file target_39.pdb (PDB, C-alpha atoms)
ATOM      1  CA  MET A   1     -47.601  71.951 -24.108
ATOM      2  CA  ILE A   2     -49.617  69.165 -25.670
ATOM      3  CA  ASN A   3     -53.333  69.136 -24.999
ATOM      4  CA  ILE A   4     -55.165  65.850 -25.476
ATOM      5  CA  GLN A   5     -58.875  65.454 -25.014
ATOM      6  CA  ARG A   6     -60.505  62.046 -25.171
ATOM      7  CA  ASN A   7     -64.220  61.420 -24.872
ATOM      8  CA  LEU A   8     -65.281  57.786 -24.522
ATOM      9  CA  LYS A   9     -69.037  57.290 -24.658
ATOM     10  CA  SER A  10     -70.426  59.095 -21.568
ATOM     11  CA  ASN A  11     -67.091  59.525 -19.840
ATOM     12  CA  ALA A  12     -64.795  62.406 -20.585
ATOM     13  CA  ILE A  13     -61.124  62.156 -19.767
ATOM     14  CA  ILE A  14     -58.899  65.138 -20.357
ATOM     15  CA  PHE A  15     -55.143  64.815 -20.402
ATOM     16  CA  ALA A  16     -52.760  67.750 -20.197
ATOM     17  CA  LEU A  17     -49.162  66.773 -20.846
ATOM     18  CA  ALA A  18     -46.833  69.526 -19.741
ATOM     19  CA  PHE A  19     -43.694  67.530 -20.397
ATOM     20  CA  VAL A  20     -43.053  65.036 -23.141
ATOM     21  CA  SER A  21     -40.081  62.703 -23.523
ATOM     22  CA  LEU A  22     -38.175  63.674 -26.633
ATOM     23  CA  ILE A  23     -36.369  61.237 -28.863
ATOM     24  CA  SER A  24     -34.392  63.348 -31.281
ATOM     25  CA  ILE A  25     -32.678  61.888 -34.307
ATOM     26  CA  THR A  26     -31.000  64.183 -36.781
ATOM     27  CA  ALA A  27     -30.548  63.285 -40.431
ATOM     28  CA  GLN A  28     -30.673  65.161 -43.699
ATOM     29  CA  ALA A  29     -31.830  63.761 -46.992
ATOM     30  CA  ALA A  30     -29.209  64.819 -49.496
ATOM     31  CA  PRO A  31     -30.108  65.013 -53.184
ATOM     32  CA  LEU A  32     -28.632  62.531 -55.614
ATOM     33  CA  SER A  33     -26.872  63.597 -58.764
ATOM     34  CA  LYS A  34     -29.413  64.248 -61.493
ATOM     35  CA  ASP A  35     -29.750  61.807 -64.329
ATOM     36  CA  ASN A  36     -32.608  62.570 -66.692
ATOM     37  CA  SER A  37     -31.876  59.606 -68.931
ATOM     38  CA  ALA A  38     -33.770  57.126 -66.758
ATOM     39  CA  ASP A  39     -36.440  57.021 -64.094
ATOM     40  CA  ALA A  40     -34.649  54.438 -61.947
ATOM     41  CA  ALA A  41     -31.330  54.667 -60.147
ATOM     42  CA  VAL A  42     -29.126  52.310 -58.167
ATOM     43  CA  ILE A  43     -30.072  51.534 -54.563
ATOM     44  CA  GLU A  44     -27.965  53.124 -51.871
ATOM     45  CA  ALA A  45     -28.657  51.216 -48.656
ATOM     46  CA  ASN A  46     -27.249  49.742 -45.474
ATOM     47  CA  GLY A  47     -28.996  46.935 -43.636
ATOM     48  CA  SER A  48     -30.035  43.374 -44.238
ATOM     49  CA  ASN A  49     -33.815  43.210 -43.716
ATOM     50  CA  LEU A  50     -35.192  44.666 -46.919
ATOM     51  CA  THR A  51     -38.532  42.879 -47.120
ATOM     52  CA  SER A  52     -42.015  44.062 -46.280
ATOM     53  CA  SER A  53     -45.722  43.554 -46.874
ATOM     54  CA  ILE A  54     -48.850  45.630 -47.343
ATOM     55  CA  ASN A  55     -49.002  48.064 -44.436
ATOM     56  CA  ARG A  56     -52.466  47.379 -43.032
ATOM     57  CA  VAL A  57     -52.063  50.101 -40.372
ATOM     58  CA  PRO A  58     -50.773  53.290 -42.016
ATOM     59  CA  ALA A  59     -48.288  55.586 -40.262
ATOM     60  CA  ASP A  60     -47.513  53.146 -37.446
ATOM     61  CA  TYR A  61     -44.049  54.263 -36.328
ATOM     62  CA  ASP A  62     -43.870  52.314 -33.067
ATOM     63  CA  HIS A  63     -45.269  49.006 -34.364
ATOM     64  CA  ASP A  64     -48.168  48.805 -31.893
ATOM     65  CA  GLY A  65     -50.899  48.263 -34.474
ATOM     66  CA  LYS A  66     -52.204  51.833 -34.283
ATOM     67  CA  THR A  67     -51.823  54.839 -36.564
ATOM     68  CA  ASP A  68     -49.679  57.491 -34.894
ATOM     69  CA  ILE A  69     -50.497  61.180 -35.042
ATOM     70  CA  ALA A  70     -47.716  62.618 -37.191
ATOM     71  CA  VAL A  71     -46.878  65.733 -39.196
ATOM     72  CA  PHE A  72     -44.117  66.684 -41.598
ATOM     73  CA  ARG A  73     -42.966  70.300 -41.425
ATOM     74  CA  PRO A  74     -41.768  71.372 -44.892
ATOM     75  CA  SER A  75     -40.189  74.593 -43.591
ATOM     76  CA  ASN A  76     -37.493  72.671 -41.716
ATOM     77  CA  GLY A  77     -37.829  69.133 -43.131
ATOM     78  CA  THR A  78     -38.679  67.669 -39.728
ATOM     79  CA  TRP A  79     -41.087  64.887 -38.772
ATOM     80  CA  TYR A  80     -42.949  65.107 -35.466
ATOM     81  CA  ILE A  81     -44.499  61.814 -34.330
ATOM     82  CA  TYR A  82     -46.766  61.388 -31.293
ATOM     83  CA  ARG A  83     -46.274  57.699 -30.550
ATOM     84  CA  SER A  84     -49.447  55.963 -29.406
ATOM     85  CA  SER A  85     -47.582  53.216 -27.520
ATOM     86  CA  ASN A  86     -46.051  55.469 -24.851
ATOM     87  CA  GLN A  87     -47.283  59.015 -25.596
ATOM     88  CA  THR A  88     -43.813  60.362 -26.369
ATOM     89  CA  LEU A  89     -42.547  62.628 -29.096
ATOM     90  CA  GLN A  90     -40.208  61.365 -31.781
ATOM     91  CA  ALA A  91     -38.646  64.035 -33.967
ATOM     92  CA  LEU A  92     -36.424  63.448 -36.959
ATOM     93  CA  LYS A  93     -35.057  65.817 -39.550
ATOM     94  CA  TRP A  94     -35.426  63.943 -42.822
ATOM     95  CA  GLY A  95     -36.237  65.819 -45.974
ATOM     96  CA  ALA A  96     -36.332  69.321 -47.318
ATOM     97  CA  GLU A  97     -38.863  71.948 -48.264
ATOM     98  CA  GLY A  98     -40.887  70.739 -51.237
ATOM     99  CA  ASP A  99     -40.540  67.044 -50.349
ATOM    100  CA  VAL A 100     -43.673  64.905 -50.007
ATOM    101  CA  PRO A 101     -43.961  62.552 -46.986
ATOM    102  CA  VAL A 102     -44.994  59.011 -47.939
ATOM    103  CA  PRO A 103     -46.054  56.321 -45.415
ATOM    104  CA  THR A 104     -44.076  53.156 -46.238
ATOM    105  CA  ASP A 105     -42.751  50.041 -44.491
ATOM    106  CA  PHE A 106     -39.878  48.966 -46.715
ATOM    107  CA  TYR A 107     -37.578  47.668 -43.974
ATOM    108  CA  GLN A 108     -39.861  46.033 -41.404
ATOM    109  CA  PRO A 109     -43.404  44.839 -42.118
ATOM    110  CA  GLY A 110     -45.987  46.854 -40.194
ATOM    111  CA  LYS A 111     -43.503  49.459 -38.934
ATOM    112  CA  SER A 112     -43.506  52.681 -40.920
ATOM    113  CA  ASP A 113     -40.326  54.233 -42.244
ATOM    114  CA  TYR A 114     -39.529  57.888 -42.697
ATOM    115  CA  THR A 115     -39.871  58.348 -46.436
ATOM    116  CA  VAL A 116     -40.013  61.457 -48.595
ATOM    117  CA  PHE A 117     -40.446  61.785 -52.328
ATOM    118  CA  ARG A 118     -38.705  64.733 -53.978
ATOM    119  CA  PRO A 119     -40.903  65.865 -56.891
ATOM    120  CA  SER A 120     -38.197  68.116 -58.342
ATOM    121  CA  ASP A 121     -36.090  65.139 -59.443
ATOM    122  CA  GLY A 122     -38.202  62.044 -58.656
ATOM    123  CA  THR A 123     -35.983  60.725 -55.854
ATOM    124  CA  TRP A 124     -37.156  58.700 -52.838
ATOM    125  CA  PHE A 125     -35.279  59.014 -49.522
ATOM    126  CA  VAL A 126     -35.973  56.302 -46.927
ATOM    127  CA  SER A 127     -34.774  56.010 -43.339
ATOM    128  CA  THR A 128     -35.659  53.434 -40.692
ATOM    129  CA  THR A 129     -37.749  54.561 -37.765
ATOM    130  CA  GLU A 130     -35.390  54.191 -34.820
ATOM    131  CA  SER A 131     -31.993  55.054 -36.262
ATOM    132  CA  ASN A 132     -30.079  55.863 -39.390
ATOM    133  CA  SER A 133     -28.567  52.366 -39.563
ATOM    134  CA  ALA A 134     -30.541  51.691 -42.735
ATOM    135  CA  VAL A 135     -30.985  54.522 -45.209
ATOM    136  CA  MET A 136     -31.618  54.460 -48.913
ATOM    137  CA  ALA A 137     -32.042  56.842 -51.808
ATOM    138  CA  ARG A 138     -33.552  55.828 -55.116
ATOM    139  CA  ARG A 139     -34.398  57.739 -58.263
ATOM    140  CA  PHE A 140     -37.775  56.553 -59.464
ATOM    141  CA  GLY A 141     -40.123  59.032 -61.069
ATOM    142  CA  GLN A 142     -39.990  62.502 -62.497
ATOM    143  CA  MET A 143     -41.294  65.985 -61.820
ATOM    144  CA  GLY A 144     -45.065  65.981 -61.402
ATOM    145  CA  ASP A 145     -45.392  62.301 -60.488
ATOM    146  CA  ILE A 146     -47.448  61.281 -57.437
ATOM    147  CA  PRO A 147     -45.783  58.714 -55.131
ATOM    148  CA  VAL A 148     -47.780  55.549 -54.422
ATOM    149  CA  THR A 149     -46.830  52.503 -52.360
ATOM    150  CA  GLY A 150     -48.180  48.982 -51.960
ATOM    151  CA  ASP A 151     -47.526  45.392 -52.911
ATOM    152  CA  PHE A 152     -48.616  45.509 -56.549
ATOM    153  CA  VAL A 153     -46.907  42.240 -57.509
ATOM    154  CA  GLY A 154     -47.836  40.181 -54.472
ATOM    155  CA  GLY A 155     -45.409  38.549 -52.062
ATOM    156  CA  SER A 156     -42.522  40.845 -52.933
ATOM    157  CA  GLY A 157     -43.068  43.404 -50.171
ATOM    158  CA  THR A 158     -43.639  47.111 -50.583
ATOM    159  CA  ASP A 159     -42.942  48.366 -54.096
ATOM    160  CA  PHE A 160     -41.889  51.760 -55.362
ATOM    161  CA  ALA A 161     -44.593  53.226 -57.545
ATOM    162  CA  VAL A 162     -45.618  56.536 -59.065
ATOM    163  CA  PHE A 163     -48.695  57.742 -60.877
ATOM    164  CA  ARG A 164     -48.181  60.233 -63.693
ATOM    165  CA  PRO A 165     -51.334  62.398 -63.744
ATOM    166  CA  THR A 166     -50.432  64.077 -67.014
ATOM    167  CA  THR A 167     -50.680  60.791 -68.911
ATOM    168  CA  GLY A 168     -52.557  58.429 -66.577
ATOM    169  CA  GLN A 169     -49.624  56.012 -66.410
ATOM    170  CA  TRP A 170     -48.399  53.951 -63.457
ATOM    171  CA  PHE A 171     -44.762  52.905 -63.039
ATOM    172  CA  PHE A 172     -43.649  50.166 -60.633
ATOM    173  CA  GLN A 173     -40.334  48.927 -59.329
ATOM    174  CA  GLU A 174     -40.699  45.627 -57.496
ATOM    175  CA  GLY A 175     -39.435  45.884 -53.944
ATOM    176  CA  PHE A 176     -35.695  46.508 -53.863
ATOM    177  CA  GLY A 177     -35.111  45.033 -57.302
ATOM    178  CA  LEU A 178     -34.385  46.978 -60.452
ATOM    179  CA  ALA A 179     -37.061  45.582 -62.776
ATOM    180  CA  VAL A 180     -39.464  48.324 -63.904
ATOM    181  CA  SER A 181     -42.964  47.826 -65.285
ATOM    182  CA  SER A 182     -45.764  50.207 -66.239
ATOM    183  CA  GLN A 183     -49.497  50.225 -66.747
ATOM    184  CA  GLN A 184     -51.806  52.665 -68.473
ATOM    185  CA  PHE A 185     -54.804  53.229 -66.220
ATOM    186  CA  GLY A 186     -56.458  56.602 -65.873
ATOM    187  CA  THR A 187     -56.440  59.957 -67.597
ATOM    188  CA  GLY A 188     -54.974  63.372 -66.925
ATOM    189  CA  GLY A 189     -56.185  64.823 -63.633
ATOM    190  CA  ASP A 190     -57.179  61.505 -62.015
ATOM    191  CA  MET A 191     -56.166  60.850 -58.406
ATOM    192  CA  PRO A 192     -54.482  57.544 -57.469
ATOM    193  CA  VAL A 193     -56.424  55.511 -54.878
ATOM    194  CA  ALA A 194     -54.546  52.194 -54.889
ATOM    195  CA  GLY A 195     -55.762  49.564 -52.423
ATOM    196  CA  ASP A 196     -56.745  45.926 -52.053
ATOM    197  CA  TYR A 197     -60.284  45.954 -53.469
ATOM    198  CA  ASP A 198     -60.596  42.162 -53.877
ATOM    199  CA  THR A 199     -58.794  40.916 -50.730
ATOM    200  CA  ASP A 200     -56.231  38.851 -52.630
ATOM    201  CA  GLY A 201     -53.273  40.408 -50.823
ATOM    202  CA  LYS A 202     -52.171  42.503 -53.795
ATOM    203  CA  THR A 203     -52.506  46.241 -54.191
ATOM    204  CA  ASP A 204     -54.848  47.100 -57.060
ATOM    205  CA  VAL A 205     -54.360  50.021 -59.411
ATOM    206  CA  ALA A 206     -57.251  52.470 -59.037
ATOM    207  CA  VAL A 207     -58.092  56.106 -59.717
ATOM    208  CA  PHE A 208     -60.735  58.570 -58.552
ATOM    209  CA  ARG A 209     -61.999  61.001 -61.181
ATOM    210  CA  HIS A 210     -62.997  64.110 -59.264
ATOM    211  CA  THR A 211     -64.743  65.675 -62.257
ATOM    212  CA  ASN A 212     -67.522  63.058 -62.182
ATOM    213  CA  GLY A 213     -67.096  61.265 -58.832
ATOM    214  CA  ASN A 214     -66.284  57.928 -60.463
ATOM    215  CA  TRP A 215     -63.884  55.272 -59.206
ATOM    216  CA  TYR A 216     -62.076  53.085 -61.744
ATOM    217  CA  ILE A 217     -60.413  49.988 -60.290
ATOM    218  CA  ASN A 218     -58.294  47.361 -62.032
ATOM    219  CA  ARG A 219     -58.574  44.452 -59.584
ATOM    220  CA  THR A 220     -55.845  41.838 -59.916
ATOM    221  CA  SER A 221     -58.307  39.031 -59.163
ATOM    222  CA  GLY A 222     -61.745  40.518 -59.736
ATOM    223  CA  GLY A 223     -61.196  42.387 -62.986
ATOM    224  CA  PHE A 224     -62.218  45.912 -63.948
ATOM    225  CA  LEU A 225     -64.700  47.774 -61.773
ATOM    226  CA  ALA A 226     -66.264  51.208 -62.270
ATOM    227  CA  GLU A 227     -68.340  52.730 -59.476
ATOM    228  CA  HIS A 228     -69.891  56.140 -58.938
ATOM    229  CA  TRP A 229     -69.214  57.310 -55.413
ATOM    230  CA  GLY A 230     -68.689  61.004 -54.821
ATOM    231  CA  ALA A 231     -69.110  64.376 -56.457
ATOM    232  CA  TYR A 232     -67.001  67.176 -57.861
ATOM    233  CA  GLY A 233     -64.699  68.578 -55.186
ATOM    234  CA  ASP A 234     -64.767  65.473 -52.972
ATOM    235  CA  VAL A 235     -61.500  64.108 -51.578
ATOM    236  CA  PRO A 236     -61.024  60.315 -51.859
ATOM    237  CA  VAL A 237     -60.298  58.733 -48.462
ATOM    238  CA  ARG A 238     -60.275  55.010 -49.298
ATOM    239  CA  GLY A 239     -59.560  52.534 -46.532
ATOM    240  CA  ASP A 240     -60.938  49.533 -44.663
ATOM    241  CA  TYR A 241     -63.723  51.004 -42.503
ATOM    242  CA  ASP A 242     -65.459  47.702 -41.694
ATOM    243  CA  ALA A 243     -62.472  45.427 -40.997
ATOM    244  CA  ASP A 244     -63.272  42.899 -43.728
ATOM    245  CA  GLY A 245     -59.869  43.159 -45.419
ATOM    246  CA  ILE A 246     -61.233  44.974 -48.474
ATOM    247  CA  THR A 247     -60.587  48.627 -49.288
ATOM    248  CA  ASP A 248     -63.842  50.595 -49.145
ATOM    249  CA  LEU A 249     -64.849  53.455 -51.418
ATOM    250  CA  ALA A 250     -64.966  56.639 -49.367
ATOM    251  CA  VAL A 251     -64.897  60.401 -49.884
ATOM    252  CA  PHE A 252     -64.662  63.477 -47.683
ATOM    253  CA  ARG A 253     -66.783  66.429 -48.802
ATOM    254  CA  PRO A 254     -65.107  69.682 -47.697
ATOM    255  CA  SER A 255     -68.171  71.789 -48.513
ATOM    256  CA  ASN A 256     -70.175  70.199 -45.674
ATOM    257  CA  GLY A 257     -67.506  68.350 -43.681
ATOM    258  CA  THR A 258     -69.143  64.971 -44.292
ATOM    259  CA  TRP A 259     -67.598  61.560 -44.907
ATOM    260  CA  TYR A 260     -69.387  59.092 -47.169
ATOM    261  CA  VAL A 261     -68.265  55.457 -46.989
ATOM    262  CA  ARG A 262     -69.625  52.523 -48.954
ATOM    263  CA  ARG A 263     -68.844  49.488 -46.862
ATOM    264  CA  SER A 264     -67.727  46.477 -48.874
ATOM    265  CA  SER A 265     -68.990  44.036 -46.236
ATOM    266  CA  ASP A 266     -72.694  44.823 -46.732
ATOM    267  CA  GLY A 267     -72.867  47.537 -49.431
ATOM    268  CA  ALA A 268     -74.401  49.982 -46.952
ATOM    269  CA  MET A 269     -73.528  53.671 -46.802
ATOM    270  CA  GLN A 270     -71.953  55.103 -43.682
ATOM    271  CA  ALA A 271     -72.105  58.888 -43.437
ATOM    272  CA  ARG A 272     -70.405  60.918 -40.732
ATOM    273  CA  ASN A 273     -70.307  64.692 -40.374
ATOM    274  CA  TRP A 274     -66.816  65.234 -39.030
ATOM    275  CA  GLY A 275     -64.792  68.239 -40.124
ATOM    276  CA  LYS A 276     -65.232  71.468 -42.006
ATOM    277  CA  ASP A 277     -64.001  73.225 -45.113
ATOM    278  CA  GLY A 278     -60.247  73.703 -44.890
ATOM    279  CA  ASP A 279     -59.619  70.543 -42.858
ATOM    280  CA  LYS A 280     -57.306  67.885 -44.276
ATOM    281  CA  PRO A 281     -58.536  64.290 -43.972
ATOM    282  CA  ALA A 282     -56.064  62.098 -42.098
ATOM    283  CA  VAL A 283     -57.428  58.570 -42.305
ATOM    284  CA  GLY A 284     -55.983  55.715 -40.282
ATOM    285  CA  ASP A 285     -56.703  53.196 -37.546
ATOM    286  CA  TYR A 286     -56.001  55.189 -34.391
ATOM    287  CA  ASP A 287     -57.380  52.692 -31.865
ATOM    288  CA  GLY A 288     -56.129  49.440 -33.391
ATOM    289  CA  ASP A 289     -59.546  47.810 -33.875
ATOM    290  CA  GLY A 290     -58.914  47.000 -37.544
ATOM    291  CA  LYS A 291     -61.249  49.727 -38.806
ATOM    292  CA  PHE A 292     -60.273  53.059 -40.301
ATOM    293  CA  ASP A 293     -61.439  56.033 -38.235
ATOM    294  CA  PHE A 294     -62.714  59.430 -39.345
ATOM    295  CA  ALA A 295     -59.961  61.961 -38.751
ATOM    296  CA  VAL A 296     -59.070  65.460 -39.902
ATOM    297  CA  PHE A 297     -56.152  67.795 -39.305
ATOM    298  CA  ARG A 298     -57.091  71.476 -38.973
ATOM    299  CA  PRO A 299     -54.152  73.604 -40.172
ATOM    300  CA  SER A 300     -55.648  76.812 -38.754
ATOM    301  CA  ASN A 301     -55.047  75.628 -35.167
ATOM    302  CA  GLY A 302     -52.814  72.565 -35.596
ATOM    303  CA  THR A 303     -55.423  70.274 -34.072
ATOM    304  CA  TRP A 304     -56.434  66.692 -34.911
ATOM    305  CA  TYR A 305     -60.081  65.672 -34.572
ATOM    306  CA  ILE A 306     -60.587  61.896 -34.609
ATOM    307  CA  TRP A 307     -63.870  59.995 -34.485
ATOM    308  CA  LEU A 308     -63.057  56.464 -33.372
ATOM    309  CA  ASN A 309     -65.061  53.671 -34.985
ATOM    310  CA  SER A 310     -64.850  51.779 -31.695
ATOM    311  CA  GLY A 311     -66.626  54.647 -29.944
ATOM    312  CA  GLY A 312     -65.638  58.081 -28.656
ATOM    313  CA  THR A 313     -63.533  60.927 -29.980
ATOM    314  CA  LEU A 314     -59.931  62.018 -29.696
ATOM    315  CA  ILE A 315     -58.830  65.648 -29.998
ATOM    316  CA  VAL A 316     -55.104  66.364 -30.053
ATOM    317  CA  GLN A 317     -53.274  69.621 -30.662
ATOM    318  CA  TRP A 318     -50.260  68.462 -32.665
ATOM    319  CA  GLY A 319     -48.778  70.566 -35.407
ATOM    320  CA  ALA A 320     -48.866  74.066 -36.808
ATOM    321  CA  SER A 321     -50.082  75.920 -39.851
ATOM    322  CA  GLY A 322     -48.203  74.670 -42.908
ATOM    323  CA  ASP A 323     -47.588  71.196 -41.498
ATOM    324  CA  VAL A 324     -48.580  68.176 -43.594
ATOM    325  CA  PRO A 325     -50.381  65.277 -41.858
ATOM    326  CA  VAL A 326     -48.649  61.966 -42.555
ATOM    327  CA  THR A 327     -51.338  59.412 -43.380
ATOM    328  CA  SER A 328     -52.155  56.686 -45.892
ATOM    329  CA  LEU A 329     -53.520  59.121 -48.451
ATOM    330  CA  PRO A 330     -51.519  59.925 -51.565
ATOM    331  CA  PRO A 331     -50.224  63.279 -50.313
ATOM    332  CA  ASN A 332     -50.454  65.083 -53.644
ATOM    333  CA  SER A 333     -54.073  64.084 -54.179
ATOM    334  CA  VAL A 334     -55.014  66.101 -51.117
ATOM    335  CA  GLN A 335     -52.881  69.028 -52.214
ATOM    336  CA  ILE A 336     -54.641  69.064 -55.576
ATOM    337  CA  VAL A 337     -57.964  69.712 -53.879
ATOM    338  CA  PHE A 338     -57.024  72.160 -51.150
TER     339      PHE A 338
END
call {"tool": "encode", "arguments": {"input": "target_39.pdb", "output": "structure tokens"}}
result
Amino acid sequence: MINIQRNLKSNAIIFALAFVSLISITAQAAPLSKDNSADAAVIEANGSNLTSSINRVPADYDHDGKTDIAVFRPSNGTWYIYRSSNQTLQALKWGAEGDVPVPTDFYQPGKSDYTVFRPSDGTWFVSTTESNSAVMARRFGQMGDIPVTGDFVGGSGTDFAVFRPTTGQWFFQEGFGLAVSSQQFGTGGDMPVAGDYDTDGKTDVAVFRHTNGNWYINRTSGGFLAEHWGAYGDVPVRGDYDADGITDLAVFRPSNGTWYVRRSSDGAMQARNWGKDGDKPAVGDYDGDGKFDFAVFRPSNGTWYIWLNSGGTLIVQWGASGDVPVTSLPPNSVQIVF
């Protein structure tokens, strides 16, 4: 049983879906042989379209321009996607307990892949959305690294990237090539908040320092930027909340369930009380209007609470205790806080 409740302005529409079409695809991400001598390994892939771009709509598995409600269940390594285009369930076993789900679009621009990062050995496992016709495994990273994705070079598609919180280093591998580069930006304990902060089409390296609420951004076109936005214990939830193409500074404060956004379009603050302590922020564009919405996943009851920027709310019971919401946030940054 899936219960969906949607409130649009003064009208309330309640949907109860007793039966859901199930698309079941079974696959298992198998570990690669360990090689501690290098962070990068050879690509293992099938398929011809290996180009991408910055994924403006995170976790869009049906390519309809909207973020899909999705969870990864570590206990059985299964993804459960509620597709916004036709309200059907897509389930795929891809990963293992301990893996971290990462929203990516390596194979088709704007259409998210199933990707997990295995922190135990730094391996990425990628599968296309509809079938296993294109799968890939790549060793890039090491234990303790936080997976990050984006187009850091510009024009090359989605890159593999990790942030090493112990040293504050970033490591990049351009698209599906083998060239590796690195950048020192941040200190131990910082959280990666990469985004396009200068609207030049490239992903900028950025960190949020939760000890003092400061953001440090190395813009590829605009240069270095340091801004204070947040407080100790806040969770960074960066995204484009005003549809101007620039990543906005934003935090979720678990202590009072409030979101604080500084809109890049006019510099104004947007505050929204939406959530409570224990909720996990699950940012995305759930209505396809180009603006990020305020959304949380409540593990205690497996329910999503979404405040749509276009107006209205969406409440969906989708998931269970222990599930991980699949969103645009660096997954480990949320796990550090909660």
call {"tool": "resolve_selection", "arguments": {"input": "target_39.pdb", "expression": "the PyMOL selection byres ((chain A and resi 83-88) around 9)", "output": "number ranges by chain"}}
result
A: 20-23, 60-64, 66-70, 81-82, 89-90, 286-287
call {"tool": "closest_atom_pairs", "arguments": {"input": "target_39.pdb", "of": "region 188-212 of chain A", "to": "region 165-168 of chain A", "cutoff": "7 Å", "atoms": "all atoms listed in the file", "output": "tab-separated table"}}
result
residue	atom	partner	partner_atom	distance
A:Gly188	CA	A:Thr166	CA	4.6
A:Gly189	CA	A:Pro165	CA	5.4
A:Asp190	CA	A:Pro165	CA	6.2
call {"tool": "atom_distance", "arguments": {"input": "target_39.pdb", "atom1": "CA of Ala96 (chain A)", "atom2": "CA of Gly122 (chain A)"}}
result
13.6 Å
call {"tool": "atom_distance", "arguments": {"input": "target_39.pdb", "atom1": "CA of Arg263 (chain A)", "atom2": "CA of Thr149 (chain A)"}}
result
22.9 Å
call {"tool": "resolve_selection", "arguments": {"input": "target_39.pdb", "expression": "the PyMOL selection byres ((chain A and resi 73) around 10)", "output": "JSON, numbers by chain"}}
result
{"A": [70, 71, 72, 74, 75, 76, 77, 78, 79, 80, 93, 94, 95, 96, 97, 99, 101, 319, 320, 321, 322, 323, 324, 325]}
call {"tool": "write_last_selection", "arguments": {"input": "target_39.pdb", "atoms": "C-alpha atoms", "output": "PDB file, keeping the file's coordinate frame"}}
result
ATOM      1  CA  ALA A  70     -47.716  62.618 -37.191  1.00  0.00           C
ATOM      2  CA  VAL A  71     -46.878  65.733 -39.196  1.00  0.00           C
ATOM      3  CA  PHE A  72     -44.117  66.684 -41.598  1.00  0.00           C
ATOM      4  CA  PRO A  74     -41.768  71.372 -44.892  1.00  0.00           C
ATOM      5  CA  SER A  75     -40.189  74.593 -43.591  1.00  0.00           C
ATOM      6  CA  ASN A  76     -37.493  72.671 -41.716  1.00  0.00           C
ATOM      7  CA  GLY A  77     -37.829  69.133 -43.131  1.00  0.00           C
ATOM      8  CA  THR A  78     -38.679  67.669 -39.728  1.00  0.00           C
ATOM      9  CA  TRP A  79     -41.087  64.887 -38.772  1.00  0.00           C
ATOM     10  CA  TYR A  80     -42.949  65.107 -35.466  1.00  0.00           C
ATOM     11  CA  LYS A  93     -35.057  65.817 -39.550  1.00  0.00           C
ATOM     12  CA  TRP A  94     -35.426  63.943 -42.822  1.00  0.00           C
ATOM     13  CA  GLY A  95     -36.237  65.819 -45.974  1.00  0.00           C
ATOM     14  CA  ALA A  96     -36.332  69.321 -47.318  1.00  0.00           C
ATOM     15  CA  GLU A  97     -38.863  71.948 -48.264  1.00  0.00           C
ATOM     16  CA  ASP A  99     -40.540  67.044 -50.349  1.00  0.00           C
ATOM     17  CA  PRO A 101     -43.961  62.552 -46.986  1.00  0.00           C
ATOM     18  CA  GLY A 319     -48.778  70.566 -35.407  1.00  0.00           C
ATOM     19  CA  ALA A 320     -48.866  74.066 -36.808  1.00  0.00           C
ATOM     20  CA  SER A 321     -50.082  75.920 -39.851  1.00  0.00           C
ATOM     21  CA  GLY A 322     -48.203  74.670 -42.908  1.00  0.00           C
ATOM     22  CA  ASP A 323     -47.588  71.196 -41.498  1.00  0.00           C
ATOM     23  CA  VAL A 324     -48.580  68.176 -43.594  1.00  0.00           C
ATOM     24  CA  PRO A 325     -50.381  65.277 -41.858  1.00  0.00           C
TER      25      PRO A 325
END
call {"tool": "closest_residue", "arguments": {"input": "target_39.pdb", "among": "A:Val57, A:Ala179, A:Ala226, A:Ala161", "to": "Ala194 (chain A)", "atoms": "only C-alpha atoms"}}
result
A:Ala161
call {"tool": "atom_distance", "arguments": {"input": "target_39.pdb", "atom1": "CA of Asn212 (chain A)", "atom2": "CA of Trp229 (chain A)"}}
result
9.0 Å
call {"tool": "closest_residue", "arguments": {"input": "target_39.pdb", "among": "A:Gln270, A:Asn309, A:Thr211, A:Asn218", "to": "Gly233 (chain A)", "atoms": "only C-alpha atoms"}}
result
A:Thr211
call {"tool": "resolve_selection", "arguments": {"input": "target_39.pdb", "expression": "the PyMOL selection byres ((chain A and resi 225) around 12)", "output": "tab-separated table (two decimals) with C-alpha atoms, in the frame of the given file"}}
result
chain	number	residue	atom	x	y	z
A	197	TYR	CA	-60.28	45.95	-53.47
A	198	ASP	CA	-60.60	42.16	-53.88
A	204	ASP	CA	-54.85	47.10	-57.06
A	205	VAL	CA	-54.36	50.02	-59.41
A	206	ALA	CA	-57.25	52.47	-59.04
A	207	VAL	CA	-58.09	56.11	-59.72
A	208	PHE	CA	-60.74	58.57	-58.55
A	214	ASN	CA	-66.28	57.93	-60.46
A	215	TRP	CA	-63.88	55.27	-59.21
A	216	TYR	CA	-62.08	53.08	-61.74
A	217	ILE	CA	-60.41	49.99	-60.29
A	218	ASN	CA	-58.29	47.36	-62.03
A	219	ARG	CA	-58.57	44.45	-59.58
A	220	THR	CA	-55.84	41.84	-59.92
A	221	SER	CA	-58.31	39.03	-59.16
A	222	GLY	CA	-61.74	40.52	-59.74
A	223	GLY	CA	-61.20	42.39	-62.99
A	224	PHE	CA	-62.22	45.91	-63.95
A	226	ALA	CA	-66.26	51.21	-62.27
A	227	GLU	CA	-68.34	52.73	-59.48
A	228	HIS	CA	-69.89	56.14	-58.94
A	249	LEU	CA	-64.85	53.46	-51.42
call {"tool": "closest_residue", "arguments": {"input": "target_39.pdb", "among": "A:Val135, A:Val235, A:Leu308, A:Val162", "to": "Arg118 (chain A)", "atoms": "all atoms listed in the file"}}
result
A:Val162
